[in-house]
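Pasting data-v5.txt here (compact mmCIF, C-alpha atoms):
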```txt
# COMPACT_ATOMS: atom_id res chain seq x y z
CA MET A 167 0.00 0.00 0.00
CA LYS A 168 1.09 3.56 -0.67
CA VAL A 169 1.51 5.59 2.51
CA LEU A 170 2.22 9.29 2.74
CA ILE A 171 3.58 10.23 6.16
CA CYS A 172 3.03 13.87 7.03
CA ASP A 173 5.04 15.70 9.63
CA SER A 174 3.74 18.71 11.57
CA GLY A 175 5.17 21.31 9.20
CA ILE A 176 3.14 20.02 6.24
CA LEU A 177 -0.20 20.22 8.06
CA ILE A 178 0.68 23.59 9.60
CA ASN A 179 1.71 24.95 6.20
CA LEU A 180 -1.45 23.74 4.46
CA SER A 181 -3.59 25.00 7.32
CA LEU A 182 -1.99 28.46 7.46
CA ASN A 183 -2.48 28.74 3.70
CA GLY A 184 -6.08 27.50 3.76
CA LEU A 185 -5.11 24.56 1.55
CA LEU A 186 -5.95 21.59 3.78
CA ASP A 187 -8.76 20.55 1.42
CA ILE A 188 -6.07 19.47 -1.06
CA LEU A 189 -5.42 16.41 1.07
CA GLU A 190 -9.10 15.51 0.99
CA LYS A 191 -9.24 15.88 -2.80
CA LEU A 192 -6.03 13.94 -3.34
CA LYS A 193 -7.26 11.14 -1.12
CA LYS A 194 -10.56 10.80 -2.99
CA ASP A 195 -9.32 8.90 -6.06
CA TRP A 196 -6.16 7.53 -4.58
CA ASN A 197 -5.62 4.13 -3.14
CA GLY A 198 -3.33 5.08 -0.32
CA LYS A 199 -3.21 6.33 3.25
CA ILE A 200 -2.06 9.59 4.74
CA LEU A 201 -0.61 8.95 8.18
CA ILE A 202 0.45 11.14 11.07
CA THR A 203 2.06 10.01 14.29
CA GLU A 204 0.80 10.76 17.80
CA GLN A 205 3.61 13.29 18.21
CA VAL A 206 2.50 15.10 15.05
CA LYS A 207 -1.11 15.00 16.25
CA TYR A 208 -0.03 16.66 19.50
CA GLU A 209 1.79 19.48 17.70
CA THR A 210 -0.88 20.08 15.07
CA ILE A 211 -4.10 19.41 17.00
CA ASP A 212 -3.86 18.88 20.76
CA ARG A 213 -1.49 21.73 21.60
CA PRO A 214 -2.83 24.48 19.27
CA LEU A 215 -6.38 23.74 20.41
CA ASN A 216 -5.37 25.66 23.54
CA ILE A 217 -3.89 28.60 21.63
CA LEU A 218 -6.56 30.99 20.37
CA ARG A 219 -4.47 32.16 17.41
CA PHE A 220 -4.13 28.65 16.01
CA LYS A 221 -7.28 27.00 17.33
CA LEU A 222 -9.19 27.18 14.05
CA GLY A 223 -6.30 25.61 12.17
CA ALA A 224 -6.12 22.84 14.74
CA LEU A 225 -9.86 22.20 14.45
CA ARG A 226 -9.56 21.93 10.67
CA ILE A 227 -6.79 19.36 11.00
CA GLU A 228 -8.79 17.50 13.63
CA SER A 229 -11.68 17.38 11.18
CA LEU A 230 -9.43 15.65 8.62
CA LEU A 231 -8.62 13.07 11.26
CA THR A 232 -12.29 12.56 12.09
CA LYS A 233 -13.09 12.05 8.41
CA GLU A 234 -10.17 9.60 8.13
CA ILE A 235 -8.47 11.70 5.46
CA ILE A 236 -5.45 11.55 7.71
CA GLU A 237 -5.08 8.56 10.00
CA LEU A 238 -3.03 7.36 12.91
CA PRO A 239 -0.61 4.40 12.62
CA SER A 240 -3.07 2.17 14.46
CA SER A 241 -5.08 2.10 11.22
CA LEU A 242 -2.27 -0.08 9.87
CA ASN A 243 -1.99 -2.06 13.08
CA ILE A 244 1.17 -0.37 14.18
CA SER A 245 1.34 0.27 17.87
CA ASN A 246 2.55 3.43 19.51
CA GLU A 247 5.01 1.37 21.53
CA GLU A 248 6.64 0.11 18.34
CA ILE A 249 6.91 3.64 16.98
CA LYS A 250 8.24 4.97 20.27
CA ARG A 251 10.90 2.27 20.36
CA LYS A 252 12.03 2.96 16.81
CA THR A 253 11.89 6.72 17.35
CA LYS A 254 14.13 6.44 20.38
CA GLU A 255 16.62 4.36 18.43
CA LEU A 256 16.69 6.74 15.46
CA LEU A 257 16.76 9.85 17.65
CA GLU A 258 19.85 8.52 19.37
CA ILE A 259 21.56 8.03 16.02
CA ALA A 260 20.48 11.34 14.48
CA ASN A 261 21.61 13.32 17.49
CA HIS A 262 24.97 11.56 17.43
CA SER A 263 25.71 12.37 13.82
CA TYR A 264 27.26 15.84 14.09
CA LYS A 265 30.15 16.55 16.37
CA ALA A 266 31.34 20.01 17.38
CA LYS A 267 34.26 20.92 19.60
CA GLU A 268 31.93 20.87 22.63
CA GLY A 269 30.34 17.53 21.77
CA TRP A 270 27.38 16.16 19.83
CA VAL A 271 24.87 18.61 18.44
CA ASN A 272 21.23 17.76 19.05
CA ILE A 273 19.71 18.57 15.70
CA VAL A 274 16.29 16.92 15.67
CA SER A 275 13.39 16.14 17.93
CA GLU A 276 10.95 13.34 18.62
CA GLY A 277 8.09 14.45 16.36
CA GLU A 278 10.22 14.73 13.24
CA VAL A 279 12.01 11.48 13.92
CA SER A 280 8.74 9.68 14.66
CA CYS A 281 7.86 10.19 10.97
CA ILE A 282 11.08 8.48 9.93
CA ALA A 283 10.43 5.74 12.48
CA ILE A 284 6.97 4.91 11.15
CA GLY A 285 8.35 5.17 7.61
CA SER A 286 11.04 2.68 8.47
CA ILE A 287 8.55 0.25 10.07
CA LEU A 288 6.20 0.46 7.09
CA LYS A 289 8.99 -0.06 4.57
CA GLU A 290 10.05 -3.18 6.41
CA LYS A 291 6.47 -4.39 6.08
CA GLY A 292 6.61 -3.84 2.32
CA HIS A 293 4.62 -0.61 2.00
CA GLU A 294 5.53 2.09 -0.48
CA VAL A 295 6.37 5.13 1.62
CA ILE A 296 6.94 8.82 1.03
CA ILE A 297 7.74 11.18 3.87
CA ALA A 298 6.27 14.64 3.53
CA THR A 299 8.29 17.18 5.46
CA ASP A 300 9.07 20.85 5.04
CA GLU A 301 11.99 20.40 7.40
CA ARG A 302 15.37 21.30 5.94
CA THR A 303 17.42 19.57 8.63
CA ILE A 304 15.81 16.14 8.50
CA ARG A 305 15.87 16.12 4.68
CA LEU A 306 19.53 17.10 4.54
CA LEU A 307 20.38 14.48 7.13
CA PHE A 308 19.16 11.79 4.75
CA GLU A 309 19.78 13.28 1.33
CA ASP A 310 22.96 15.26 1.82
CA PRO A 311 24.43 15.09 5.33
CA LYS A 312 27.65 16.74 4.22
CA THR A 313 25.77 19.90 3.26
CA LEU A 314 24.26 20.05 6.74
CA GLU A 315 27.81 19.72 8.07
CA LYS A 316 28.77 22.77 5.98
CA ILE A 317 25.79 24.82 7.15
CA MET A 318 26.52 24.08 10.79
CA SER A 319 30.25 24.75 10.45
CA LYS A 320 29.56 28.05 8.72
CA HIS A 321 27.07 29.34 11.27
CA LEU A 322 28.76 27.99 14.37
CA HIS A 323 32.13 29.32 13.22
CA GLN A 324 33.88 26.04 13.87
CA GLN A 325 34.43 22.72 12.15
CA VAL A 326 31.42 20.52 12.79
CA GLN A 327 31.99 16.99 11.66
CA PHE A 328 29.46 14.59 10.23
CA VAL A 329 30.21 11.22 11.77
CA ALA A 330 28.90 8.34 9.73
CA PRO A 331 26.21 6.67 11.79
CA TYR A 332 27.13 3.50 13.58
CA THR A 333 24.17 1.39 12.58
CA ASN A 334 22.31 0.72 9.38
CA TYR A 335 20.69 4.06 9.18
CA SER A 336 21.13 4.57 5.50
CA GLN A 337 17.63 3.39 4.70
CA LYS A 338 16.52 5.35 1.67
CA PHE A 339 13.42 7.51 1.85
CA ASN A 340 11.72 9.68 -0.69
CA PHE A 341 10.90 13.11 0.69
CA ILE A 342 8.45 15.66 -0.61
CA ARG A 343 7.42 19.05 0.73
CA THR A 344 4.15 20.97 0.89
CA SER A 345 5.29 22.56 -2.37
CA GLU A 346 5.27 19.22 -4.21
CA ILE A 347 1.90 18.30 -2.70
CA VAL A 348 0.50 21.57 -4.04
CA TYR A 349 2.20 20.89 -7.39
CA VAL A 350 0.54 17.47 -7.65
CA ALA A 351 -2.83 19.00 -6.73
CA TYR A 352 -2.39 21.60 -9.45
CA LYS A 353 -1.44 19.00 -12.07
CA LYS A 354 -4.50 16.98 -11.14
CA GLY A 355 -6.72 20.06 -11.33
CA LEU A 356 -7.48 19.93 -7.62
CA LEU A 357 -6.21 23.33 -6.58
CA GLY A 358 -9.62 24.86 -7.06
CA ILE A 359 -8.37 28.13 -8.54
CA GLU A 360 -8.92 28.68 -12.24
CA ASN A 361 -6.09 31.06 -12.95
CA LYS A 362 -2.80 30.79 -14.81
CA GLN A 363 -1.02 32.19 -11.80
CA ALA A 364 -2.51 29.70 -9.36
CA LEU A 365 0.54 27.42 -9.28
CA ASP A 366 2.96 30.31 -8.88
CA ALA A 367 0.88 31.77 -6.05
CA ALA A 368 0.39 28.46 -4.28
CA LEU A 369 4.06 27.45 -4.49
CA TYR A 370 5.28 30.74 -3.08
CA ALA A 371 2.60 30.56 -0.38
CA THR A 372 4.09 27.23 0.76
CA LYS A 373 7.55 28.78 0.91
CA PHE A 374 6.28 31.69 3.00
CA LYS A 375 4.76 29.33 5.54
CA GLY A 376 7.85 27.30 6.24
CA ALA A 377 8.62 24.97 3.31
CA ALA A 378 12.36 24.77 2.78
CA ILE A 379 12.35 25.34 -0.97
CA THR A 380 14.54 27.69 -2.96
CA PHE A 381 13.26 30.36 -5.34
CA GLU A 382 15.10 28.52 -8.13
CA GLU A 383 13.31 25.28 -7.31
CA ILE A 384 9.94 27.04 -7.44
CA GLU A 385 10.75 28.54 -10.82
CA ALA A 386 11.88 25.12 -12.07
CA LEU A 387 8.67 23.47 -10.78
CA LYS A 388 6.54 25.98 -12.66
CA LYS A 389 8.27 25.08 -15.91
CA ILE A 390 7.78 21.32 -15.71
CA MET B 30 36.01 26.64 29.43
CA GLU B 31 36.53 28.95 26.45
CA GLU B 32 32.78 29.14 25.90
CA LYS B 33 32.16 30.01 29.52
CA LYS B 34 34.69 32.83 29.29
CA HIS B 35 32.97 34.07 26.14
CA VAL B 36 29.52 34.05 27.76
CA GLY B 37 30.96 35.92 30.76
CA GLU B 38 32.32 38.58 28.41
CA VAL B 39 28.97 38.80 26.63
CA ILE B 40 27.22 39.46 29.96
CA GLN B 41 29.79 42.08 30.94
CA ASN B 42 29.45 43.85 27.58
CA ALA B 43 25.67 43.61 27.72
CA ILE B 44 25.71 45.39 31.09
CA LYS B 45 27.81 48.18 29.59
CA ALA B 46 25.59 48.44 26.51
CA LEU B 47 22.47 48.57 28.67
CA GLN B 48 23.93 51.33 30.82
CA ASN B 49 24.92 53.27 27.68
CA PHE B 50 21.55 52.68 25.95
CA ASN B 51 23.41 51.08 23.03
CA SER B 52 20.77 48.98 21.28
CA GLN B 53 23.02 48.01 18.37
CA ASN B 54 25.63 46.53 20.69
CA LEU B 55 22.95 44.65 22.61
CA LYS B 56 21.61 43.16 19.38
CA GLU B 57 25.07 42.02 18.31
CA LEU B 58 25.74 40.52 21.73
CA SER B 59 22.44 38.64 21.55
CA ASN B 60 23.51 37.14 18.23
CA GLN B 61 26.80 36.05 19.78
CA THR B 62 24.95 33.97 22.35
CA ILE B 63 23.11 32.12 19.59
CA HIS B 64 26.13 29.97 18.73
CA SER B 65 26.28 28.83 22.31
CA ALA B 66 22.51 28.33 22.44
CA SER B 67 22.61 26.21 19.25
CA LEU B 68 25.44 24.06 20.52
CA LYS B 69 24.75 23.63 24.20
CA GLN B 70 21.00 24.10 23.99
CA ASP B 71 20.96 25.06 27.65
CA SER B 72 18.24 27.24 29.06
CA GLY B 73 20.84 29.76 30.29
CA SER B 74 22.18 30.63 26.83
CA ILE B 75 18.65 30.79 25.47
CA THR B 76 17.33 33.03 28.27
CA LEU B 77 20.37 35.27 27.87
CA ALA B 78 19.87 35.59 24.09
CA VAL B 79 16.17 36.43 24.47
CA LEU B 80 16.75 38.85 27.37
CA ILE B 81 19.51 40.82 25.62
CA TYR B 82 17.53 40.96 22.36
CA THR B 83 14.42 42.21 24.19
CA LEU B 84 16.46 44.93 25.91
CA SER B 85 17.90 45.96 22.54
CA LYS B 86 14.40 46.30 21.10
CA ILE B 87 13.10 48.33 24.07
CA ILE B 88 16.02 50.76 23.82
CA GLU B 89 15.98 50.90 20.01
CA ARG B 90 12.34 51.99 20.07
CA ASN B 91 12.93 54.39 22.98
CA ASP B 92 10.32 52.48 24.93
CA HIS B 93 12.47 52.71 28.06
CA LEU B 94 11.54 56.41 28.13
CA LYS B 95 7.94 55.39 28.71
CA VAL B 96 8.90 53.45 31.83
CA LYS B 97 8.77 55.76 34.84
CA ASN B 98 11.23 53.83 36.95
CA TRP B 99 13.50 52.64 34.12
CA ASN B 100 16.76 53.49 35.95
CA LYS B 101 15.72 51.48 38.97
CA LEU B 102 14.58 48.60 36.78
CA SER B 103 17.74 48.71 34.70
CA LYS B 104 19.89 48.62 37.86
CA LYS B 105 17.99 45.59 39.07
CA ILE B 106 18.54 43.79 35.75
CA VAL B 107 22.24 44.68 35.89
CA GLN B 108 22.44 43.22 39.39
CA TRP B 109 20.94 39.93 38.23
CA LEU B 110 23.27 39.87 35.23
CA GLU B 111 26.27 40.44 37.47
CA LEU B 112 25.14 37.67 39.78
CA SER B 113 24.70 35.31 36.85
CA LYS B 114 28.21 36.14 35.62
CA ASP B 115 29.63 35.44 39.08
CA ALA B 116 27.77 32.14 39.25
CA LEU B 117 29.07 31.17 35.83
CA GLU B 118 32.64 31.96 36.87
CA LYS B 119 32.14 29.76 39.94
CA ASN B 120 30.82 27.05 37.66
CA ASN B 121 27.44 27.13 39.40
CA LEU B 122 25.26 26.64 36.34
CA GLU B 123 22.09 26.22 38.34
CA LYS B 124 22.49 29.65 39.93
CA TYR B 125 23.63 31.13 36.61
CA GLU B 126 20.36 30.08 34.96
CA GLU B 127 18.32 31.06 38.01
CA HIS B 128 19.73 34.62 38.06
CA LEU B 129 19.11 35.04 34.34
CA LYS B 130 15.52 33.96 34.82
CA GLU B 131 15.20 36.53 37.62
CA ALA B 132 16.52 39.21 35.25
CA ARG B 133 13.87 38.23 32.72
CA LYS B 134 11.22 38.21 35.42
CA THR B 135 12.25 41.70 36.49
CA LEU B 136 11.77 42.89 32.93
CA SER B 137 8.36 41.32 32.59
CA GLN B 138 7.26 42.91 35.88
CA ILE B 139 7.57 46.34 34.36
CA SER B 140 4.85 48.97 35.00
CA PRO B 141 1.32 47.57 34.52
CA ASN B 142 0.54 49.66 31.45
CA LEU B 143 3.55 48.23 29.60
CA LYS B 144 3.32 44.70 30.95
CA GLU B 145 1.43 43.27 27.98
CA TYR B 146 3.65 45.10 25.53
CA ILE B 147 6.84 43.74 27.14
CA LYS B 148 5.32 40.26 27.14
CA GLU B 149 4.79 40.62 23.40
CA VAL B 150 8.34 41.92 22.84
CA LEU B 151 9.70 38.96 24.81
CA ARG B 152 7.58 36.58 22.71
CA LYS B 153 8.80 38.12 19.48
CA ALA B 154 12.36 37.95 20.76
CA GLU B 155 11.89 34.22 21.38
CA ILE B 156 10.63 33.70 17.84
CA ASN B 157 13.44 35.81 16.41
CA LYS B 158 16.07 33.84 18.33
CA ALA B 159 14.41 30.61 17.25
CA SER B 160 14.79 31.59 13.61
CA ARG B 161 18.50 32.23 14.23
CA ILE B 162 18.95 28.82 15.86
CA TYR B 163 17.09 27.20 12.95
CA GLU B 164 19.51 28.96 10.62
CA HIS B 165 22.35 27.17 12.41
CA GLY B 166 21.03 23.80 11.20
CA ILE B 167 18.86 22.79 14.13
CA SER B 168 15.47 21.43 13.06
CA MET B 169 12.25 23.40 13.33
CA GLU B 170 10.69 21.23 16.02
CA LYS B 171 13.86 21.10 18.10
CA THR B 172 14.23 24.87 17.85
CA ALA B 173 10.60 25.49 18.78
CA GLN B 174 11.01 23.22 21.79
CA LEU B 175 14.15 25.01 22.96
CA LEU B 176 12.43 28.39 22.87
CA GLY B 177 9.13 27.15 24.23
CA ILE B 178 7.19 28.32 21.18
CA THR B 179 4.98 26.37 18.78
CA GLN B 180 5.93 25.27 15.28
CA TRP B 181 2.94 27.30 14.08
CA GLU B 182 4.54 30.52 15.26
CA LEU B 183 7.93 29.53 13.90
CA ALA B 184 6.62 28.50 10.46
CA ASP B 185 4.71 31.76 10.20
CA TYR B 186 7.81 33.78 11.10
CA LEU B 187 10.33 31.82 9.03
CA GLY B 188 8.28 32.47 5.92
CA THR B 189 8.87 36.19 6.34
CA LYS B 190 12.62 35.78 6.73
CA ARG B 191 15.18 35.09 4.06
CA ILE B 192 16.64 32.03 5.70
CA GLU B 193 19.35 30.43 3.63
CA GLU B 194 17.54 27.53 1.98
CA GLY B 195 19.79 27.41 -1.06
CA TYR B 196 20.47 23.75 -0.82
CA SER B 197 18.87 21.75 -3.58
CA THR B 198 19.87 18.33 -2.40
CA PHE B 199 17.79 16.47 -4.92
CA ASP B 200 16.76 17.23 -8.48
CA ILE B 201 13.46 19.11 -8.27
CA LYS B 202 12.13 17.49 -11.46
CA LYS B 203 12.84 14.06 -10.05
CA ARG B 204 11.16 14.95 -6.75
CA ALA B 205 8.11 16.29 -8.58
CA ARG B 206 7.95 13.14 -10.73
CA ILE B 207 8.14 10.91 -7.67
CA ALA B 208 5.28 12.87 -6.07
CA LEU B 209 3.14 12.71 -9.21
CA GLU B 210 3.67 8.97 -9.66
CA PHE B 211 2.95 8.34 -6.01
CA PHE B 212 -0.46 9.93 -6.26
CA SER B 213 -1.32 8.28 -9.58
```
As structure tokens, what does this structure read like?
Amino acid sequence: MKVLICDSGILINLSLNGLLDILEKLKKDWNGKILITEQVKYETIDRPLNILRFKLGALRIESLLTKEIIELPSSLNISNEEIKRKTKELLEIANHSYKAKEGWVNIVSEGEVSCIAIGSILKEKGHEVIIATDERTIRLLFEDPKTLEKIMSKHLHQQVQFVAPYTNYSQKFNFIRTSEIVYVAYKKGLLGIENKQALDAALYATKFKGAAITFEEIEALKKI
Amino acid sequence: MEEKKHVGEVIQNAIKALQNFNSQNLKELSNQTIHSASLKQDSGSITLAVLIYTLSKIIERNDHLKVKNWNKLSKKIVQWLELSKDALEKNNLEKYEEHLKEARKTLSQISPNLKEYIKEVLRKAEINKASRIYEHGISMEKTAQLLGITQWELADYLGTKRIEEGYSTFDIKKRARIALEFFS
């Protein structure tokens, strides 16, 4: 089965841009599941429900969960304990990947890594997985860890060293961002805006709400 | 050891800048603490960065002139900063963090008519510092956690900033194709 795993940033981005309905439309004629972990649910629903500024956004995301547009891992019989165990293991590795003069640099947190953990579990079970994340750090960690080393060294004004992980952590994942989700929606005619500039506007909107995408990438996407 | 010395110097210079109403210096000193905050991720470095940045904003906007007892308040903040520096030199990190928190508390207990405003400046300072830590390569969630803010606030703010994202790690056409095929 195809499974799209969404991290918090994706749902927050779509919500802040009023584009959450894209997920509903994409899901309609697609034989796959959109999953979020408990940690992502906390950050996108439970916590903002108590913050007036973000309450509406949280309610909209909660509604997607109620309608089973997005689902929890239990829908694929994966227990929270299993995810927690895997998350802990991966978190330990990820936060022991970059070494500065003062010691290891903690670069990622539980929520982000829980998406990788569930991805890893599902891949082992034979599912086709894509991880949707707007996060620059987690993507670089998997796709180009040396570039993350350069960024950290540059900003911390010291040589930070990427230390090759000590376990089999090189599992390959495909990553997409909110920008690519919007792109797919546009290509499928699901964006709901009949205007030539709709793609341009939607792609930039995703960038301005936290998607780590370059201006050049957006221009390239528009030309495909 | 070196880092501790550096933080001590930052506190000393921040005291001077505060006494001289030098907002630019305060801002620069706040940025200097970000390296330490990104690396050590201790609450002391983070409180210090937010506190100094908030003070820089208050002085930059001449808001201190609106505070009747600013001199008294400023002296109190200086006292807490000096105590935190002493604690740091004595390697008493618990006291160091405690004194910095007291300095922040002093600031937030400003006159009632400015209380809400200062709270907002402190909040914005937290988000600003979070964006700087994110720039250093720390993930969004981790950064939000360190500063005690939500990812919603951070995502909203990051979009308005020109954070260096110029790292195309993967061919965009290939990524788009993968996404399209996945949803076919």
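Between CA of Ser319 in chain A and CA of Arg161 in chain B the interatomic distance comes to 14.4 Å.
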Residues of chain A that approach chain B to 8 Å or less, counting only C-alpha atoms: could you list each one with the shortest pair of atoms and its distance in Å to one decimal, rows by chain and increasing residue number, as a Markdown table?
```
| residue | atom | partner | partner_atom | distance |
| --- | --- | --- | --- | --- |
| A:Lys168 | CA | B:Phe211 | CA | 7.4 |
| A:Ser174 | CA | B:Gln180 | CA | 7.8 |
| A:Gly175 | CA | B:Gln180 | CA | 7.3 |
| A:Ile178 | CA | B:Trp181 | CA | 6.2 |
| A:Asn179 | CA | B:Ala184 | CA | 7.4 |
| A:Leu182 | CA | B:Asp185 | CA | 8.0 |
| A:Leu192 | CA | B:Phe212 | CA | 7.5 |
| A:Trp196 | CA | B:Phe212 | CA | 6.4 |
| A:Glu209 | CA | B:Gln180 | CA | 7.5 |
| A:Phe220 | CA | B:Trp181 | CA | 7.5 |
| A:Ala266 | CA | B:Leu68 | CA | 7.8 |
| A:Glu268 | CA | B:Leu68 | CA | 7.5 |
| A:Val271 | CA | B:Leu68 | CA | 5.9 |
| A:Asn272 | CA | B:Ile167 | CA | 7.4 |
| A:Ile273 | CA | B:Ile167 | CA | 4.6 |
| A:Val274 | CA | B:Ser168 | CA | 5.3 |
| A:Ser275 | CA | B:Lys171 | CA | 5.0 |
| A:Gly277 | CA | B:Glu170 | CA | 7.3 |
| A:Glu278 | CA | B:Glu170 | CA | 7.1 |
| A:Glu301 | CA | B:Met169 | CA | 6.7 |
| A:Arg302 | CA | B:Ser168 | CA | 7.1 |
| A:Thr303 | CA | B:Ser168 | CA | 5.2 |
| A:Ile304 | CA | B:Ser168 | CA | 7.0 |
| A:Leu306 | CA | B:Thr198 | CA | 7.1 |
| A:Glu309 | CA | B:Thr198 | CA | 6.3 |
| A:Asp310 | CA | B:Thr198 | CA | 6.1 |
| A:Thr313 | CA | B:Tyr196 | CA | 7.7 |
| A:Leu314 | CA | B:Gly166 | CA | 6.7 |
| A:Ile317 | CA | B:Gly166 | CA | 6.3 |
| A:Met318 | CA | B:His165 | CA | 5.4 |
| A:His321 | CA | B:His165 | CA | 5.3 |
| A:Leu322 | CA | B:His64 | CA | 5.5 |
| A:Asn340 | CA | B:Ile207 | CA | 7.9 |
| A:Phe341 | CA | B:Arg204 | CA | 7.7 |
| A:Ile342 | CA | B:Arg204 | CA | 6.7 |
| A:Glu346 | CA | B:Ala205 | CA | 6.0 |
| A:Ile347 | CA | B:Ala208 | CA | 7.2 |
| A:Tyr349 | CA | B:Ala205 | CA | 7.6 |
| A:Val350 | CA | B:Leu209 | CA | 5.6 |
| A:Lys373 | CA | B:Gly188 | CA | 6.3 |
| A:Phe374 | CA | B:Gly188 | CA | 3.6 |
| A:Lys375 | CA | B:Gly188 | CA | 4.7 |
| A:Gly376 | CA | B:Ala184 | CA | 4.6 |
| A:Ala377 | CA | B:Gly188 | CA | 7.9 |
| A:Ala378 | CA | B:Glu194 | CA | 5.9 |
| A:Ile379 | CA | B:Glu194 | CA | 6.4 |
| A:Thr380 | CA | B:Gly195 | CA | 5.6 |
| A:Glu383 | CA | B:Ile201 | CA | 6.2 |
| A:Ala386 | CA | B:Ile201 | CA | 7.3 |
| A:Leu387 | CA | B:Lys202 | CA | 6.9 |
| A:Ile390 | CA | B:Lys202 | CA | 7.2 |
```
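Minimum distance to Gly73 in chain B across B:Glu31, B:Glu111, B:Glu131, B:Glu126 (counting only C-alpha atoms) occurs at B:Glu126.
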What's the separation between CA of Asn197 in chain A and CA of Leu231 in chain A, in Å to one decimal place?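 Computing it gives 17.2 Å between the two atoms.
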Distance criterion (all atoms listed in the file): nearest to Gln327 in chain A out of A:Ala351, A:Leu257, A:Lys265, A:Ile200: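 Residue with the minimum atom-to-atom distance to Gln327 in chain A: A:Lys265.
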